[in-house]
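Remarks on the structure that follows.
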Amino acid sequence: MLSSGTSHKNEFLAQTKAAREERLLAASRDDSAIRIQGLVRGWLVRTRVRKMVELEFEKTFPEPGDGGDLGKRLKPSLETYKAAKKFMYFVGRKNVDQFEVMLRYIIASLDSDSPKTSYIGVFLNKSHSVAWIEHIKQVCSQASLVMASMSTDHPAYSRKAAFFVLVLISFTSTNTWRLLRTPALSSLAPHMTSICHTVTGHLVQTGLLTNLRHILLTGLASSKVSLSRTTLSAIMTLALRPVMYGSYSDQMVSLYLLNILSVPGLVQHVATMCPDSLATLQGEKEEDQSLLLATVRLLSQDQQLKIHFNALEGSYALCLTANLVQLVSMAPSLTSSQLVPVVTTLTHLLSSLGQYVTAKQSPLSHWHPVLGWFSVSLDKHLQSSMTSVKCQLSRLWSPDCLLVLTADLQAQAATLPQVPAPPTPSPEETNFGKKLMKQALEKTRTTYAATTSTISSPLNRLGGAACTRVALVCALYQTACRTLSQLRIDILNGLCFGDLLLKPLWVFLNSLGPNCGLKSFLELLSANKSGTAPEFQMLVLFCDTFSHLVTILDDTEFYEQDKPFSKHEYAMLGQFLNTFLYRSVWSGMLSDPTSNLFSSVLGLLSVLRRRDDRRSFTRPNHWLLKEVKLGTLLCDLERNRPVAKLVISKLPHIIPHQERVLLFRKKVHTEKTSLGILESDSVSPQSTLISVHRNRIVEDGYRQLGSLAAQSFKGVIRVRFVNMQGLDEAGIDQDGVFKEFLEETIKKVFDPSLNLFCTTSEERLYPSPLSHITENHLDLFEFVGKMIGKAVYEGIVVDVPFASFFLTQVLGHDHSALYSYLDEMPSSDPELHKNLTYVKHYEGDVEDLGLTFSFDQDIMGRIVTHELIPGGRSINVTNSNRISYIHHMAHFKMHRQIATQVAAFRNGFRSVIPTDWLSLFSGPEVQRLISGDNSPIDLKDLRRNTSYYGGFHDSHRVVAWLWEVLEKDFTDKEKSMFLKFVTSCSKPPLLGFENLEPPFSIRCVEVADDEDDGDTVGSVLRGFLALRRKDPVNRLPTASTCFNLLKLPNYQKKSTLKEKLRYAISCNTGFELS
């Protein structure tokens, strides 16, 4: 019973709820229907009214025909105003065509001088004046929106855009209001001008500059420029009016920068299409430059620069920078007070761009043609206009801009004395004794002169106003080099042009004190150890620019024409760089070799030293520093002190070459000790025994040693020779058999018939470009590299003269951006170098020579064309790209053709001699390591380190004759021939004959070589006592070069010894290299 009652109640409640929801739904439907009906009725009414307005519009503003004169159709201005106001309320820009027609009538009326027909006349009616101003605001803001919304695909886009800009121009200035030119109404001009200012302010608030930016981007920053010259001129005028009306306030200048001056390539388009409009940006008068100066004034505030940079992002900030650069480059001049803020602003913009790129780097980076890789992609406008932006930026290092920015530097340099040449020593001073006497006599005068030069103050000083201005300009260009990484070479090329920067900067640096202001720079570095002070940017830019120029100059320009400086100035500069870098590193002030200051100074120093190594322009020992305490340096090096290691790795040339060779030999000895390598010890754990057939020396050696691990290759290699009959020869490496194996291997691999190496005109060896014809040629190059490395490792000198450019590549010195293959081309191919020099200095049109970026090579009767750059065979050589062609040709001939061979040889050589050991030496010095010293042969040293056998001794008659003949009768050339005869190398060891391996020895022989059984008791006794067995007048001296052994018959006459020895050494040509 209770259950059924509860169920009935629930059912009742559910029915009640459903009825209530149905009533609410019905009420909602009724309400919605009423709303829909209201909307529809309203739309229908508005449509009907709009049609009525449009019909009325057509009566008031009839469609003008082509060429129709609207001035004759003008109706009373009040009637026009009422129709226009009604149209704007009900229709407005919904009907663009009618909106345009209405505006044409209004603009045409402005040319009327009657208040009845001029649209301005409506304002004169007090009952409509306020409403008219609001109406004009509405009309102009709508026109601005229509202008920005138009599509460039519209066939009449250019005409329509020009008209809407004209509308805005007309109502933001009274210049076109003819009514105000009448005498009766001319007094209203100031009041009407204020109305124009009001309208302009309203337009800015409703997005005028944003709309103008849109039309500029679509019209200019695209594949095809769609704006006419007139339209662009009007837009520039219109855009600048709010700034002018606002008296160049920070707010208005900021809006102009963000919307207008950041449009890609804007100033360049203006300069090209409508140069007359440049007066609105910059003119000859100082007041016309207010936009540039106002921009600089705003952006010179750090906070403002950050705000604007963040608002624009990287690429559009770059466009702003490019436009500013072009404005600066077109400035007639900048005063000292203007120069500093302009340069500082550009520097900060470029620096911010560099930081932005670094912050935006990621694995998913996009390529930017100016900034390199970073994570923000370019939009369509930037992609289309980046060429224009690059062109604008290039104006920064163009002669015009350089003249403007370096005018102050050049003016200062013109008033400073030129760099004096050092005094040339007189013949009396070159005599050591007389020189000492003269120094003693003139000690007082010398001391006084030194004291005076120390006391006299420099003409300029670091931190002074003049120096700061110069330093800031240099900091600008240095920042540009870092940030615009893809344009660095172009920047340096521009800075090298003429004498606009380097020469005056060099004169200015010398005015900072003795030795280019060395003391001042060191003092500044002690306070600014990071080397980032603007004054250091002055030094860094000079080093970078001059380094680049030196790589471009050929020998004629550098040495003979004294471009840009004389040889004594190069020497002075080298001395300054050398001393500055050493003192900075040794004192611990410069410890990061990757810093800009360190790398730039070292880069120029290396370039000058390479030039000096190849063709000297300094005095002997110029690069040595007397202030270096060698004992302390080497002691610190043994303790692994970082400063000492940095000095040795970066500045090894400041200590004598002999000391570096001793250091190298010490490194070898230390490594041998650590590896347990005991020389001549057959039981050494690093001992390797190989068996080599006399007929297959290279093949057997390569097969057994080619795959040997580097550690084993450094150990003792014992050689067993197999003779022609296939029998083992007696003895296994008595310190000479390996040398014989080495000499025989070298004789074979450098044989022209093997086609691994070829020679220059100076008979110097380098890999053959056609070596690939030989099977396994790269493996053989690696093997040869190992063998040469082994010879250097063991201190065995071999007479193998390598080409300098080949050694440079083996050492990796060509990887520097400052290395030029063209410098060393004369030693490789003098004829080609002569032809390239002719192209470089050709005064006519280089295109007439018919050259392309390609090279034809005859390979076994077949002509093969190599492209120097991709597509090079179709790229003509012109006056503008001939320098690039010359360097690409040199790079191809001296590197690309032999790159794989060099790499293989380098791998083999470096597997034995570590790279850090090689860094102790330059290319010519490594050649001396391989082939011995270039100094004259010291016969006294050779005699002191000679061993005697077979009865000979130092006081023996024949031995005494031998040394007398060598000393008094032989020329230097014959002495070298004698040394080659007995050791297979014409040059002495670097550290003297004490280090000759094996030691030089002389043995008395009485029979022919094939009958020689070595020393016997009888032969030794006869030799020692000089007993005559028989006079060996028909026998010649012989030598075993593998043991550095001279076999000398016991001649009875000195004349016979001289004759036979001279004949023997002249017939012993050894293996030929030609």
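A note on labels: chains of the structure tokens are A, B, ... as shown, every chain counts residues from 1, and ligands are counted from 1 in their shown order.
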Run DSSP on the backbone and give me the residues of range 705-911 of chain A it puts in helix (DSSP H, G or I), as JSON, numbers by chain. {"A": [705, 710, 711, 712, 713, 737, 738, 739, 740, 741, 742, 743, 744, 745, 746, 747, 748, 749, 752, 753, 754, 771, 772, 773, 777, 778, 779, 780, 781, 782, 783, 784, 785, 786, 787, 788, 789, 790, 791, 792, 793, 794, 804, 805, 806, 807, 808, 809, 810, 811, 813, 814, 815, 821, 822, 823, 824, 825, 826, 827, 828, 830, 831, 832, 833, 834, 835, 836, 837, 838, 839, 840, 846, 847, 848, 849, 872, 873, 874, 882, 883, 884, 885, 886, 887, 888, 889, 890, 891, 892, 893, 894, 896, 897, 898, 899, 900, 901, 902, 903, 904, 905, 906, 907, 908, 909, 910, 911]}
Can you spit out the residues from that selection as a short mmCIF file (atom, residue, chain, number, x, y, z; two decimals), in the first residue's frame, using C-alpha atoms?
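Below is the file result-v3.cif, written as the result:
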```
data_model
loop_
_atom_site.label_atom_id
_atom_site.label_comp_id
_atom_site.auth_asym_id
_atom_site.auth_seq_id
_atom_site.Cartn_x
_atom_site.Cartn_y
_atom_site.Cartn_z
CA LEU A 705 104.93 -2.13 -42.15
CA ALA A 710 101.75 3.54 -34.70
CA GLN A 711 103.26 2.48 -31.36
CA SER A 712 105.08 -0.44 -32.97
CA PHE A 713 106.21 1.74 -35.86
CA VAL A 737 120.57 -1.68 -42.18
CA PHE A 738 117.33 0.14 -41.33
CA LYS A 739 118.87 3.38 -42.65
CA GLU A 740 119.78 1.53 -45.85
CA PHE A 741 116.22 0.21 -46.07
CA LEU A 742 114.91 3.74 -45.52
CA GLU A 743 117.19 5.19 -48.19
CA GLU A 744 116.33 2.50 -50.71
CA THR A 745 112.61 2.89 -50.01
CA ILE A 746 112.79 6.64 -50.51
CA LYS A 747 114.82 6.17 -53.69
CA LYS A 748 112.07 3.95 -55.08
CA VAL A 749 108.97 5.90 -54.02
CA PRO A 752 109.25 9.32 -61.42
CA SER A 753 108.40 5.92 -62.91
CA LEU A 754 106.23 5.12 -59.88
CA SER A 771 99.05 9.36 -58.94
CA HIS A 772 95.66 7.61 -59.01
CA ILE A 773 96.95 5.71 -62.04
CA HIS A 777 98.33 5.08 -54.40
CA LEU A 778 96.70 6.49 -51.25
CA ASP A 779 97.96 3.59 -49.14
CA LEU A 780 101.43 4.14 -50.56
CA PHE A 781 101.24 7.86 -49.69
CA GLU A 782 100.35 6.98 -46.13
CA PHE A 783 103.25 4.53 -46.01
CA VAL A 784 105.66 7.18 -47.34
CA GLY A 785 104.36 9.62 -44.72
CA LYS A 786 105.08 7.04 -42.03
CA MET A 787 108.60 6.43 -43.35
CA ILE A 788 109.45 10.14 -43.47
CA GLY A 789 107.95 10.50 -39.98
CA LYS A 790 110.06 7.57 -38.78
CA ALA A 791 113.21 9.21 -40.18
CA VAL A 792 112.42 12.44 -38.31
CA TYR A 793 111.53 10.47 -35.18
CA GLU A 794 114.88 8.66 -35.23
CA SER A 804 106.86 24.42 -49.49
CA PHE A 805 103.14 24.40 -50.32
CA PHE A 806 103.04 20.63 -49.80
CA LEU A 807 104.64 20.89 -46.36
CA THR A 808 102.26 23.72 -45.48
CA GLN A 809 99.32 21.41 -46.17
CA VAL A 810 100.92 18.52 -44.30
CA LEU A 811 101.23 20.77 -41.24
CA HIS A 813 98.70 25.66 -41.93
CA ASP A 814 96.58 26.06 -45.06
CA HIS A 815 93.40 25.60 -42.99
CA TYR A 821 97.73 29.35 -52.11
CA LEU A 822 98.60 32.05 -54.62
CA ASP A 823 101.60 33.14 -52.50
CA GLU A 824 103.40 29.85 -53.03
CA MET A 825 102.35 29.23 -56.63
CA PRO A 826 105.58 30.66 -58.16
CA SER A 827 107.50 27.72 -56.69
CA SER A 828 105.00 25.25 -58.16
CA PRO A 830 105.72 29.92 -62.39
CA GLU A 831 104.14 30.09 -65.84
CA LEU A 832 100.59 29.80 -64.48
CA HIS A 833 101.40 32.31 -61.72
CA LYS A 834 102.66 34.74 -64.36
CA ASN A 835 99.44 34.33 -66.33
CA LEU A 836 97.25 34.81 -63.26
CA THR A 837 99.19 37.93 -62.32
CA TYR A 838 98.59 39.23 -65.83
CA VAL A 839 94.85 38.68 -65.40
CA LYS A 840 94.93 40.43 -62.01
CA VAL A 846 88.90 40.84 -68.55
CA GLU A 847 85.87 39.30 -70.27
CA ASP A 848 87.68 39.85 -73.57
CA LEU A 849 90.19 37.16 -72.50
CA GLY A 872 82.04 27.36 -63.34
CA ARG A 873 82.34 26.47 -67.02
CA SER A 874 79.40 28.78 -67.77
CA ARG A 882 88.80 38.10 -61.33
CA ILE A 883 90.37 38.12 -57.84
CA SER A 884 88.02 35.29 -56.90
CA TYR A 885 88.98 33.45 -60.10
CA ILE A 886 92.69 33.79 -59.41
CA HIS A 887 92.40 32.40 -55.88
CA HIS A 888 90.06 29.58 -56.97
CA MET A 889 92.54 28.60 -59.68
CA ALA A 890 95.43 28.60 -57.20
CA HIS A 891 93.33 26.59 -54.73
CA PHE A 892 92.50 24.01 -57.41
CA LYS A 893 96.03 23.61 -58.74
CA MET A 894 97.77 23.47 -55.38
CA ARG A 896 92.12 20.25 -54.74
CA GLN A 897 94.11 18.23 -57.29
CA ILE A 898 96.23 16.61 -54.59
CA ALA A 899 93.95 16.87 -51.55
CA THR A 900 93.46 13.11 -51.07
CA GLN A 901 97.16 12.38 -51.56
CA VAL A 902 98.14 15.06 -49.05
CA ALA A 903 95.58 13.77 -46.55
CA ALA A 904 96.97 10.22 -46.83
CA PHE A 905 100.59 11.38 -46.46
CA ARG A 906 99.59 13.61 -43.53
CA ASN A 907 97.83 10.74 -41.76
CA GLY A 908 100.94 8.60 -42.03
CA PHE A 909 103.34 11.36 -41.00
CA ARG A 910 101.23 12.47 -38.03
CA SER A 911 100.79 8.90 -36.82
#
```
Do you know which residues are at most 10 Å from Ala533 in chain A counting only C-alpha atoms, after dropping those on the same chain fewer than 3 positions away, and could you put them as a PyMOL selection string? chain A and resi 463+471-472+475+524-525+527-530+536-538
For the residues in that selection, give me C-alpha atoms as a PDB file, in the first residue's frame.
```pdb
ATOM      1  CA  GLY A 463      91.066  56.638 -23.348  1.00  0.00           C
ATOM      2  CA  ALA A 471      87.944  53.130 -31.280  1.00  0.00           C
ATOM      3  CA  LEU A 472      84.145  53.344 -31.524  1.00  0.00           C
ATOM      4  CA  ALA A 475      84.256  48.624 -32.830  1.00  0.00           C
ATOM      5  CA  LEU A 524      94.831  48.648 -20.557  1.00  0.00           C
ATOM      6  CA  LEU A 525      94.890  44.849 -20.825  1.00  0.00           C
ATOM      7  CA  ALA A 527      92.587  46.423 -16.350  1.00  0.00           C
ATOM      8  CA  ASN A 528      90.458  44.774 -19.054  1.00  0.00           C
ATOM      9  CA  LYS A 529      91.706  41.184 -19.302  1.00  0.00           C
ATOM     10  CA  SER A 530      88.826  40.114 -21.519  1.00  0.00           C
ATOM     11  CA  PHE A 536      91.214  46.882 -28.311  1.00  0.00           C
ATOM     12  CA  GLN A 537      88.641  46.724 -31.114  1.00  0.00           C
ATOM     13  CA  MET A 538      90.818  49.306 -32.839  1.00  0.00           C
TER      14      MET A 538
END
```
Using only C-alpha atoms, determine which residues lie at most 12 Å from range 152-166 of chain A, disregarding the query and same-chain residues fewer than 6 positions distant; provide the list as a CSV table (one decimal) with C-alpha atoms, in the first residue's frame.
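Okay, around-v9.csv is ready:
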```csv
chain,number,residue,atom,x,y,z
A,96,VAL,CA,34.3,50.3,-52.0
A,97,ASP,CA,33.5,51.5,-55.5
A,99,PHE,CA,33.2,55.1,-51.5
A,100,GLU,CA,35.9,55.8,-54.0
A,101,VAL,CA,33.6,57.8,-56.2
A,102,MET,CA,32.5,59.9,-53.2
A,103,LEU,CA,36.1,60.6,-52.2
A,104,ARG,CA,36.9,61.7,-55.7
A,106,ILE,CA,35.4,65.5,-52.2
A,107,ILE,CA,39.0,65.7,-53.3
A,108,ALA,CA,38.0,67.5,-56.5
A,139,VAL,CA,36.3,59.2,-43.8
A,140,CYS,CA,40.1,59.2,-43.5
A,141,SER,CA,40.2,56.2,-41.1
A,142,GLN,CA,37.9,54.3,-43.5
A,143,ALA,CA,40.1,55.2,-46.4
A,144,SER,CA,43.2,54.0,-44.5
A,145,LEU,CA,41.5,50.6,-43.9
A,146,VAL,CA,40.4,50.3,-47.5
A,172,THR,CA,46.5,65.7,-43.1
A,173,SER,CA,47.8,69.0,-44.5
A,176,THR,CA,46.0,71.3,-51.2
A,208,LEU,CA,47.7,54.5,-40.0
A,211,ASN,CA,48.4,50.2,-42.6
A,212,LEU,CA,51.2,52.0,-44.4
A,214,HIS,CA,51.3,46.7,-44.9
A,215,ILE,CA,51.1,48.5,-48.2
A,216,LEU,CA,54.9,49.1,-48.3
A,217,LEU,CA,55.6,45.4,-47.6
A,218,THR,CA,53.2,44.2,-50.2
A,219,GLY,CA,54.2,46.8,-52.7
A,220,LEU,CA,58.0,46.8,-52.2
A,222,SER,CA,58.0,41.2,-53.1
A,224,LYS,CA,57.9,42.6,-58.3
A,225,VAL,CA,57.5,46.2,-57.1
A,226,SER,CA,53.9,47.2,-57.5
A,227,LEU,CA,54.0,50.7,-56.1
A,228,SER,CA,54.5,53.6,-58.5
A,229,ARG,CA,57.1,56.3,-58.0
A,230,THR,CA,54.4,58.9,-57.1
A,231,THR,CA,52.7,56.6,-54.7
A,232,LEU,CA,55.9,55.8,-52.8
A,233,SER,CA,56.7,59.4,-52.6
A,234,ALA,CA,53.3,60.2,-51.2
A,235,ILE,CA,53.5,57.4,-48.7
A,236,MET,CA,56.8,58.6,-47.4
A,237,THR,CA,55.4,62.1,-47.0
A,238,LEU,CA,52.3,60.8,-45.2
A,239,ALA,CA,54.2,58.5,-42.9
```
Could you tell me how far CA of Gly464 in chain A lies from CA of Ala413 in chain A, in Å and to one decimal? 15.3 Å
Just how far from CA of Asn621 in chain A is CA of Val585 in chain A, in Å to one decimal?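 Spanning CA of Val585 in chain A to CA of Asn621 in chain A is a straight-line distance of 21.0 Å.
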Separation of CA of Pro988 in chain A from CA of Asp933 in chain A, in Å and rounded to one decimal: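 These atoms are spaced 5.4 Å apart.
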